[in-house]
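Participant: Structure supplied as final-v4.pdb; contents: PDB, C-alpha atoms, pLDDT in the B column.
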```pdb
MODEL        1
ATOM      1  CA  MET A 242      85.902-170.680  75.822  1.00 48.00           C
ATOM      2  CA  LYS A 243      89.398-171.858  74.884  1.00 44.00           C
ATOM      3  CA  LYS A 244      90.670-170.893  78.345  1.00 46.00           C
ATOM      4  CA  ILE A 245      87.904-172.854  80.064  1.00 42.00           C
ATOM      5  CA  SER A 246      88.534-175.889  77.864  1.00 36.00           C
ATOM      6  CA  PHE A 247      92.258-175.712  78.579  1.00 36.00           C
ATOM      7  CA  ILE A 248      91.682-175.415  82.336  1.00 40.00           C
ATOM      8  CA  LEU A 249      89.264-178.362  82.311  1.00 34.00           C
ATOM      9  CA  LEU A 250      91.711-180.448  80.291  1.00 35.00           C
ATOM     10  CA  LEU A 251      94.489-179.540  82.726  1.00 35.00           C
ATOM     11  CA  LEU A 252      92.342-180.476  85.748  1.00 37.00           C
ATOM     12  CA  VAL A 253      91.388-183.827  84.202  1.00 36.00           C
ATOM     13  CA  ALA A 254      95.038-184.565  83.424  1.00 38.00           C
ATOM     14  CA  MET A 255      96.115-183.723  86.972  1.00 41.00           C
ATOM     15  CA  ALA A 256      93.323-185.827  88.493  1.00 39.00           C
ATOM     16  CA  SER A 257      94.284-188.830  86.385  1.00 39.00           C
ATOM     17  CA  CYS A 258      97.913-188.825  87.524  1.00 52.00           C
ATOM     18  CA  GLU A 259      98.521-191.879  89.639  1.00 67.00           C
ATOM     19  CA  ARG A 260     100.921-191.756  92.508  1.00 90.00           C
ATOM     20  CA  ILE A 261     103.135-194.584  93.668  1.00 92.00           C
ATOM     21  CA  ASN A 262     102.603-195.590  97.293  1.00 92.00           C
ATOM     22  CA  ASN A 263     106.049-196.100  98.803  1.00 90.00           C
ATOM     23  CA  LYS A 264     104.737-195.948 102.369  1.00 90.00           C
ATOM     24  CA  GLU A 265     102.970-199.338 102.425  1.00 91.00           C
ATOM     25  CA  VAL A 266     105.761-200.950 104.473  1.00 92.00           C
ATOM     26  CA  PRO A 267     105.709-199.789 108.118  1.00 91.00           C
ATOM     27  CA  SER A 268     108.251-197.139 109.031  1.00 92.00           C
ATOM     28  CA  PHE A 269     110.634-198.736 111.505  1.00 96.00           C
ATOM     29  CA  MET A 270     113.684-196.942 112.879  1.00 97.00           C
ATOM     30  CA  VAL A 271     116.662-196.806 110.500  1.00 98.00           C
ATOM     31  CA  ARG A 272     120.186-195.773 111.407  1.00 98.00           C
ATOM     32  CA  LEU A 273     123.149-197.392 109.729  1.00 98.00           C
ATOM     33  CA  ASP A 274     126.432-195.624 110.318  1.00 97.00           C
ATOM     34  CA  LEU A 275     128.920-196.123 107.506  1.00 97.00           C
ATOM     35  CA  GLY A 276     130.190-192.632 108.234  1.00 96.00           C
ATOM     36  CA  THR A 277     133.923-193.245 108.282  1.00 96.00           C
ATOM     37  CA  TYR A 278     136.190-193.771 105.326  1.00 95.00           C
ATOM     38  CA  ALA A 279     137.185-197.216 106.645  1.00 96.00           C
ATOM     39  CA  LEU A 280     133.593-198.429 107.180  1.00 97.00           C
ATOM     40  CA  TRP A 281     132.471-197.108 103.796  1.00 97.00           C
ATOM     41  CA  ASN A 282     135.389-198.743 101.967  1.00 96.00           C
ATOM     42  CA  THR A 283     134.615-202.055 103.668  1.00 96.00           C
ATOM     43  CA  TYR A 284     130.792-202.101 103.575  1.00 97.00           C
ATOM     44  CA  GLY A 285     129.735-199.352 101.169  1.00 97.00           C
ATOM     45  CA  VAL A 286     128.940-199.433  97.460  1.00 97.00           C
ATOM     46  CA  SER A 287     131.136-197.850  94.815  1.00 92.00           C
ATOM     47  CA  GLY A 288     130.252-198.787  91.234  1.00 92.00           C
ATOM     48  CA  VAL A 289     126.901-198.474  89.473  1.00 93.00           C
ATOM     49  CA  GLY A 290     124.801-201.491  90.419  1.00 94.00           C
ATOM     50  CA  ASP A 291     127.052-202.414  93.341  1.00 96.00           C
ATOM     51  CA  TRP A 292     124.749-203.362  96.239  1.00 97.00           C
ATOM     52  CA  ARG A 293     124.646-204.646  99.822  1.00 97.00           C
ATOM     53  CA  TYR A 294     121.978-205.873 102.214  1.00 98.00           C
ATOM     54  CA  PHE A 295     122.029-205.044 105.932  1.00 98.00           C
ATOM     55  CA  ASN A 296     119.857-206.679 108.581  1.00 98.00           C
ATOM     56  CA  ARG A 297     120.778-206.328 112.242  1.00 97.00           C
ATOM     57  CA  ASP A 298     118.459-209.103 113.502  1.00 95.00           C
ATOM     58  CA  MET A 299     119.910-211.592 111.002  1.00 96.00           C
ATOM     59  CA  ARG A 300     123.477-210.237 111.484  1.00 96.00           C
ATOM     60  CA  LEU A 301     123.938-209.574 107.750  1.00 97.00           C
ATOM     61  CA  PRO A 302     126.600-208.967 106.697  1.00 97.00           C
ATOM     62  CA  ALA A 303     127.979-211.364 109.291  1.00 94.00           C
ATOM     63  CA  ASN A 304     131.094-209.350 110.101  1.00 94.00           C
ATOM     64  CA  PHE A 305     129.443-205.899 110.296  1.00 97.00           C
ATOM     65  CA  PRO A 306     130.026-204.165 113.667  1.00 96.00           C
ATOM     66  CA  TYR A 307     126.370-203.755 114.702  1.00 97.00           C
ATOM     67  CA  ASN A 308     125.771-201.920 117.969  1.00 96.00           C
ATOM     68  CA  VAL A 309     122.845-200.696 120.112  1.00 96.00           C
ATOM     69  CA  ASN A 310     122.519-197.555 117.951  1.00 96.00           C
ATOM     70  CA  THR A 311     122.102-199.502 114.696  1.00 97.00           C
ATOM     71  CA  TYR A 312     118.598-199.957 113.306  1.00 98.00           C
ATOM     72  CA  THR A 313     117.878-201.555 109.937  1.00 98.00           C
ATOM     73  CA  GLY A 314     114.177-200.865 109.417  1.00 97.00           C
ATOM     74  CA  TYR A 315     111.342-203.295 108.795  1.00 97.00           C
ATOM     75  CA  GLY A 316     112.902-205.717 106.285  1.00 97.00           C
ATOM     76  CA  GLY A 317     116.529-204.642 106.359  1.00 98.00           C
ATOM     77  CA  ILE A 318     118.342-202.077 104.244  1.00 98.00           C
ATOM     78  CA  LEU A 319     119.071-202.465 100.549  1.00 98.00           C
ATOM     79  CA  LEU A 320     121.960-200.164  99.635  1.00 98.00           C
ATOM     80  CA  ILE A 321     122.788-199.715  95.941  1.00 97.00           C
ATOM     81  CA  GLN A 322     124.826-197.322  93.846  1.00 97.00           C
ATOM     82  CA  GLY A 323     122.358-195.778  91.390  1.00 95.00           C
ATOM     83  CA  LEU A 324     121.137-192.620  89.713  1.00 93.00           C
ATOM     84  CA  ASP A 325     119.770-190.098  92.184  1.00 90.00           C
ATOM     85  CA  ALA A 326     116.859-188.379  90.424  1.00 84.00           C
ATOM     86  CA  GLY A 327     117.211-185.349  92.692  1.00 84.00           C
ATOM     87  CA  THR A 328     120.800-184.609  91.731  1.00 87.00           C
ATOM     88  CA  GLY A 329     121.070-186.371  88.369  1.00 89.00           C
ATOM     89  CA  SER A 330     124.294-188.038  89.480  1.00 92.00           C
ATOM     90  CA  TYR A 331     125.229-191.520  90.653  1.00 94.00           C
ATOM     91  CA  ASN A 332     125.147-191.843  94.419  1.00 95.00           C
ATOM     92  CA  PRO A 333     124.383-194.458  97.048  1.00 97.00           C
ATOM     93  CA  LEU A 334     120.624-195.044  97.338  1.00 97.00           C
ATOM     94  CA  ALA A 335     118.890-196.945 100.134  1.00 98.00           C
ATOM     95  CA  TYR A 336     115.529-198.682 100.510  1.00 98.00           C
ATOM     96  CA  ASP A 337     113.737-200.779 103.079  1.00 98.00           C
ATOM     97  CA  ALA A 338     114.150-204.243 101.562  1.00 98.00           C
ATOM     98  CA  ALA A 339     110.689-205.535 102.566  1.00 98.00           C
ATOM     99  CA  CYS A 340     108.410-206.159  99.599  1.00 98.00           C
ATOM    100  CA  PRO A 341     105.458-203.761  99.971  1.00 98.00           C
ATOM    101  CA  VAL A 342     103.080-206.194  98.242  1.00 97.00           C
ATOM    102  CA  GLU A 343     103.796-208.936 100.792  1.00 97.00           C
ATOM    103  CA  ASN A 344     104.301-206.399 103.610  1.00 96.00           C
ATOM    104  CA  ARG A 345     106.167-208.863 105.821  1.00 96.00           C
ATOM    105  CA  MET A 346     109.563-208.260 107.370  1.00 95.00           C
ATOM    106  CA  ASP A 347     110.741-211.732 106.364  1.00 96.00           C
ATOM    107  CA  VAL A 348     109.934-211.319 102.648  1.00 98.00           C
ATOM    108  CA  VAL A 349     112.668-209.128 101.230  1.00 98.00           C
ATOM    109  CA  VAL A 350     113.743-208.247  97.725  1.00 98.00           C
ATOM    110  CA  SER A 351     117.050-209.280  96.199  1.00 97.00           C
ATOM    111  CA  ILE A 352     118.921-207.856  93.223  1.00 97.00           C
ATOM    112  CA  ASP A 353     118.676-209.481  89.796  1.00 96.00           C
ATOM    113  CA  SER A 354     122.274-209.293  88.567  1.00 93.00           C
ATOM    114  CA  GLU A 355     121.168-209.153  84.903  1.00 94.00           C
ATOM    115  CA  ASN A 356     119.353-205.804  85.108  1.00 94.00           C
ATOM    116  CA  PHE A 357     119.713-204.670  88.743  1.00 95.00           C
ATOM    117  CA  ASP A 358     115.978-204.826  89.447  1.00 97.00           C
ATOM    118  CA  ALA A 359     114.962-205.614  93.004  1.00 98.00           C
ATOM    119  CA  VAL A 360     112.810-208.764  92.870  1.00 98.00           C
ATOM    120  CA  CYS A 361     110.453-210.219  95.471  1.00 98.00           C
ATOM    121  CA  PRO A 362     110.965-213.989  95.862  1.00 98.00           C
ATOM    122  CA  LYS A 363     107.305-214.547  96.786  1.00 98.00           C
ATOM    123  CA  CYS A 364     105.148-212.415  94.438  1.00 97.00           C
ATOM    124  CA  ASN A 365     107.849-211.851  91.764  1.00 97.00           C
ATOM    125  CA  SER A 366     107.190-208.110  91.682  1.00 98.00           C
ATOM    126  CA  ARG A 367     110.066-206.078  90.282  1.00 98.00           C
ATOM    127  CA  TYR A 368     111.231-202.647  91.408  1.00 98.00           C
ATOM    128  CA  ASP A 369     113.556-200.145  89.720  1.00 97.00           C
ATOM    129  CA  VAL A 370     116.147-199.368  92.389  1.00 97.00           C
ATOM    130  CA  LEU A 371     118.915-198.300  90.034  1.00 95.00           C
ATOM    131  CA  MET A 372     117.246-195.299  88.390  1.00 93.00           C
ATOM    132  CA  GLY A 373     113.553-195.341  89.323  1.00 91.00           C
ATOM    133  CA  GLY A 374     113.529-194.527  93.018  1.00 93.00           C
ATOM    134  CA  GLY A 375     112.265-197.994  93.940  1.00 96.00           C
ATOM    135  CA  GLY A 376     109.168-197.684  91.762  1.00 96.00           C
ATOM    136  CA  PRO A 377     107.299-200.756  90.509  1.00 97.00           C
ATOM    137  CA  LYS A 378     108.223-202.304  87.154  1.00 97.00           C
ATOM    138  CA  SER A 379     106.076-205.453  87.034  1.00 97.00           C
ATOM    139  CA  GLY A 380     103.951-207.887  88.984  1.00 97.00           C
ATOM    140  CA  GLN A 381     101.454-207.074  91.695  1.00 97.00           C
ATOM    141  CA  ALA A 382     103.504-204.013  92.605  1.00 97.00           C
ATOM    142  CA  ILE A 383     102.336-202.403  89.335  1.00 96.00           C
ATOM    143  CA  THR A 384      98.720-203.392  89.958  1.00 95.00           C
ATOM    144  CA  HIS A 385      98.733-201.936  93.481  1.00 96.00           C
ATOM    145  CA  LYS A 386     101.131-199.083  92.585  1.00 97.00           C
ATOM    146  CA  TYR A 387     103.470-199.977  95.450  1.00 97.00           C
ATOM    147  CA  GLY A 388     107.083-198.869  95.490  1.00 97.00           C
ATOM    148  CA  LEU A 389     109.873-199.645  97.934  1.00 97.00           C
ATOM    149  CA  ARG A 390     110.172-197.341 100.939  1.00 97.00           C
ATOM    150  CA  GLN A 391     113.059-194.970 100.251  1.00 96.00           C
ATOM    151  CA  LEU A 392     115.583-194.156 102.946  1.00 97.00           C
ATOM    152  CA  LYS A 393     117.834-191.130 103.276  1.00 97.00           C
ATOM    153  CA  VAL A 394     121.566-191.343 102.632  1.00 97.00           C
ATOM    154  CA  HIS A 395     123.491-188.507 104.315  1.00 97.00           C
ATOM    155  CA  THR A 396     127.131-187.695 103.599  1.00 96.00           C
ATOM    156  CA  SER A 397     129.408-187.813 106.597  1.00 96.00           C
ATOM    157  CA  PRO A 398     132.302-185.402 107.187  1.00 96.00           C
ATOM    158  CA  ASN A 399     134.453-188.476 107.921  1.00 95.00           C
ATOM    159  CA  GLY A 400     134.378-189.885 104.396  1.00 93.00           C
ATOM    160  CA  GLY A 401     131.336-192.144 104.359  1.00 96.00           C
ATOM    161  CA  TYR A 402     127.543-192.092 104.602  1.00 97.00           C
ATOM    162  CA  ILE A 403     124.870-192.508 107.261  1.00 98.00           C
ATOM    163  CA  ILE A 404     121.529-194.068 106.299  1.00 98.00           C
ATOM    164  CA  THR A 405     118.370-193.015 108.168  1.00 98.00           C
ATOM    165  CA  ASN A 406     114.646-192.762 107.631  1.00 94.00           C
ATOM    166  CA  ASN A 407     114.547-189.064 108.535  1.00 87.00           C
TER     167      ASN A 407
ENDMDL
END
```
Can you turn what I pasted into structure tokens?
Facilitator:
Amino acid sequence: MKKISFILLLLVAMASCERINNKEVPSFMVRLDLGTYALWNTYGVSGVGDWRYFNRDMRLPANFPYNVNTYTGYGGILLIQGLDAGTGSYNPLAYDAACPVENRMDVVVSIDSENFDAVCPKCNSRYDVLMGGGGPKSGQAITHKYGLRQLKVHTSPNGGYIITNN
């Protein structure tokens, strides 16, 4: 009887776990090559909380050498130096910058310099991009359980990183 009760309790606990949907924003092609030492030192992030926003269509940053092989996703790329939950160390992390609540390519999050949350200017939802994998912290993002779409950051043999969505 104790085994059955334990198994039922375990099943109820597993069924009640709520998952964060970080796939609400459409998956557009992402490829940002910061793969050389020179590009990374100029456009990369180095200290915890250091961040940059890349958007090819808007030419941000203005002096970045965009080319035909550069793709910056649906709402642009938010690159930040944060805690990688997979490795437990501080590394560059990347997200599609479009707010998943608004789900529009022209409504993108920005970083609150006080606590390094990503904040939507329209719905005021907050996301933990520094240590929480882009998960929701407040606002409608919590209600809907929407997180930012995570991107992959690959090390390059030439001293930098390449950001992709695969």
Participant: Find the smallest box with edges along x, y and z containing every listed atom of region 347-357 of chain A, then add 4 Å on each side and report centre and edge lengths in Å to one decimal, as lines of an AutoDock Vina configuration file.
Facilitator:
```
center_x = 116.1
center_y = -208.2
center_z = 95.6
size_x = 20.3
size_y = 15.1
size_z = 29.5
```
Participant: With a distance cut-off of 8 Å and all atoms listed in the file, select the neighbouring residues of region 282-290 of chain A, excluding the residue or stretch itself and same-chain residues fewer than 3 positions from it, and output the selection as a PyMOL selection string.
Facilitator: chain A and resi 275+278-279+293+305+320-323+331+333+357+371
Participant: Taking all atoms listed in the file into account, which of A:Pro341, A:Lys393, A:Met346, A:Asn296 comes nearest Gln381 (chain A)?
Facilitator: A:Pro341
Participant: To one decimal place in Å, what is the distance between CA of Phe269 (chain A) and CA of Met299 (chain A)?
Facilitator: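 Those two atoms sit 15.9 Å apart.
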Participant: Do you have the CA of Lys378 (chain A)-CA of Ser366 (chain A) distance handy?
Facilitator: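 Between CA of Lys378 (chain A) and CA of Ser366 (chain A) the gap is 7.4 Å.
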Participant: For Met270 (chain A), which residue among A:Ile318, A:Val349, A:Ala359, A:Cys364 is the nearest when counting only C-alpha atoms?
Facilitator: A:Ile318
Participant: If we count only C-alpha atoms, what is near Arg390 (chain A) at a cut-off of 7 Å, once residues fewer than 4 positions away on the same chain are taken out, given as a VMD selection string?
Facilitator: chain A and resid 263 to 264 266 336 to 337
Participant: Report the distance between CA of Val342 (chain A) and CA of Tyr387 (chain A) in Å, rounded to one decimal place.
Facilitator: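 CA of Tyr387 (chain A) lies at a distance of 6.8 Å from CA of Val342 (chain A).
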Participant: Suppose a student applies the PyMOL selection byres ((chain A and resi 306) around 12) to this structure; what residues should they get, written as a list in words?
Facilitator: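 Taken on the displayed file, the PyMOL selection byres ((chain A and resi 306) around 12) yields the residues Leu273, Asp274, Leu275, Leu280, Thr283, Tyr284, Phe295, Asn296, Arg297, Arg300, Leu301, Pro302, Ala303, Asn304, Phe305, Tyr307, Asn308, Val309, Asn310 and Thr311 of chain A.
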Participant: Run the PyMOL selection byres ((chain A and resi 388) around 9) mentally over the shown coordinates, then write out the matched residues as a count of residues only, using the chain letters and numbers from the document.
Facilitator: 21
Participant: Counting all atoms listed in the file, which residue out of A:Gly380, A:His395, A:Asp298, A:Trp292 sits closest to Cys361 (chain A)?
Facilitator: A:Gly380
Participant: What lies within 10 Å of Thr396 (chain A) using all atoms listed in the file, ignoring chain neighbours under 3 positions off, as a CSV table (one decimal) with C-alpha atoms, keeping the file's coordinate frame?
Facilitator:
```csv
chain,number,residue,atom,x,y,z
A,275,LEU,CA,128.9,-196.1,107.5
A,276,GLY,CA,130.2,-192.6,108.2
A,277,THR,CA,133.9,-193.2,108.3
A,333,PRO,CA,124.4,-194.5,97.0
A,393,LYS,CA,117.8,-191.1,103.3
A,399,ASN,CA,134.5,-188.5,107.9
A,400,GLY,CA,134.4,-189.9,104.4
A,401,GLY,CA,131.3,-192.1,104.4
A,402,TYR,CA,127.5,-192.1,104.6
A,403,ILE,CA,124.9,-192.5,107.3
A,404,ILE,CA,121.5,-194.1,106.3
```
Participant: Compare A:Met372, A:Ala338, A:Val348, A:Val394 by their minimum atom-to-atom distance to Gly317 (chain A), counting only C-alpha atoms, and give me the closest one.
Facilitator: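 Comparing A:Met372, A:Ala338, A:Val348, A:Val394 against Gly317 (chain A), the winner is A:Ala338.
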Participant: For Arg272 (chain A), which of A:Ala326, A:Val370, A:Ala335, A:Val350 is the closest residue, counting only C-alpha atoms?
Facilitator: A:Ala335
Participant: Could you pull out every residue with an atom within 7 Å of (113.3, -199.9, 111.4), file coordinates, counting all atoms listed in the file, and send them as JSON, numbers by chain?
Facilitator: {"A": [268, 269, 270, 271, 312, 313, 314, 315]}
Participant: Looking at all atoms listed in the file, which of A:Asn356, A:Glu343, A:Gly373, A:Ser351 is the one that sits closest to Leu324 (chain A)?
Facilitator: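 When distances to Leu324 (chain A) are compared using all atoms listed in the file, the smallest one comes from A:Gly373.
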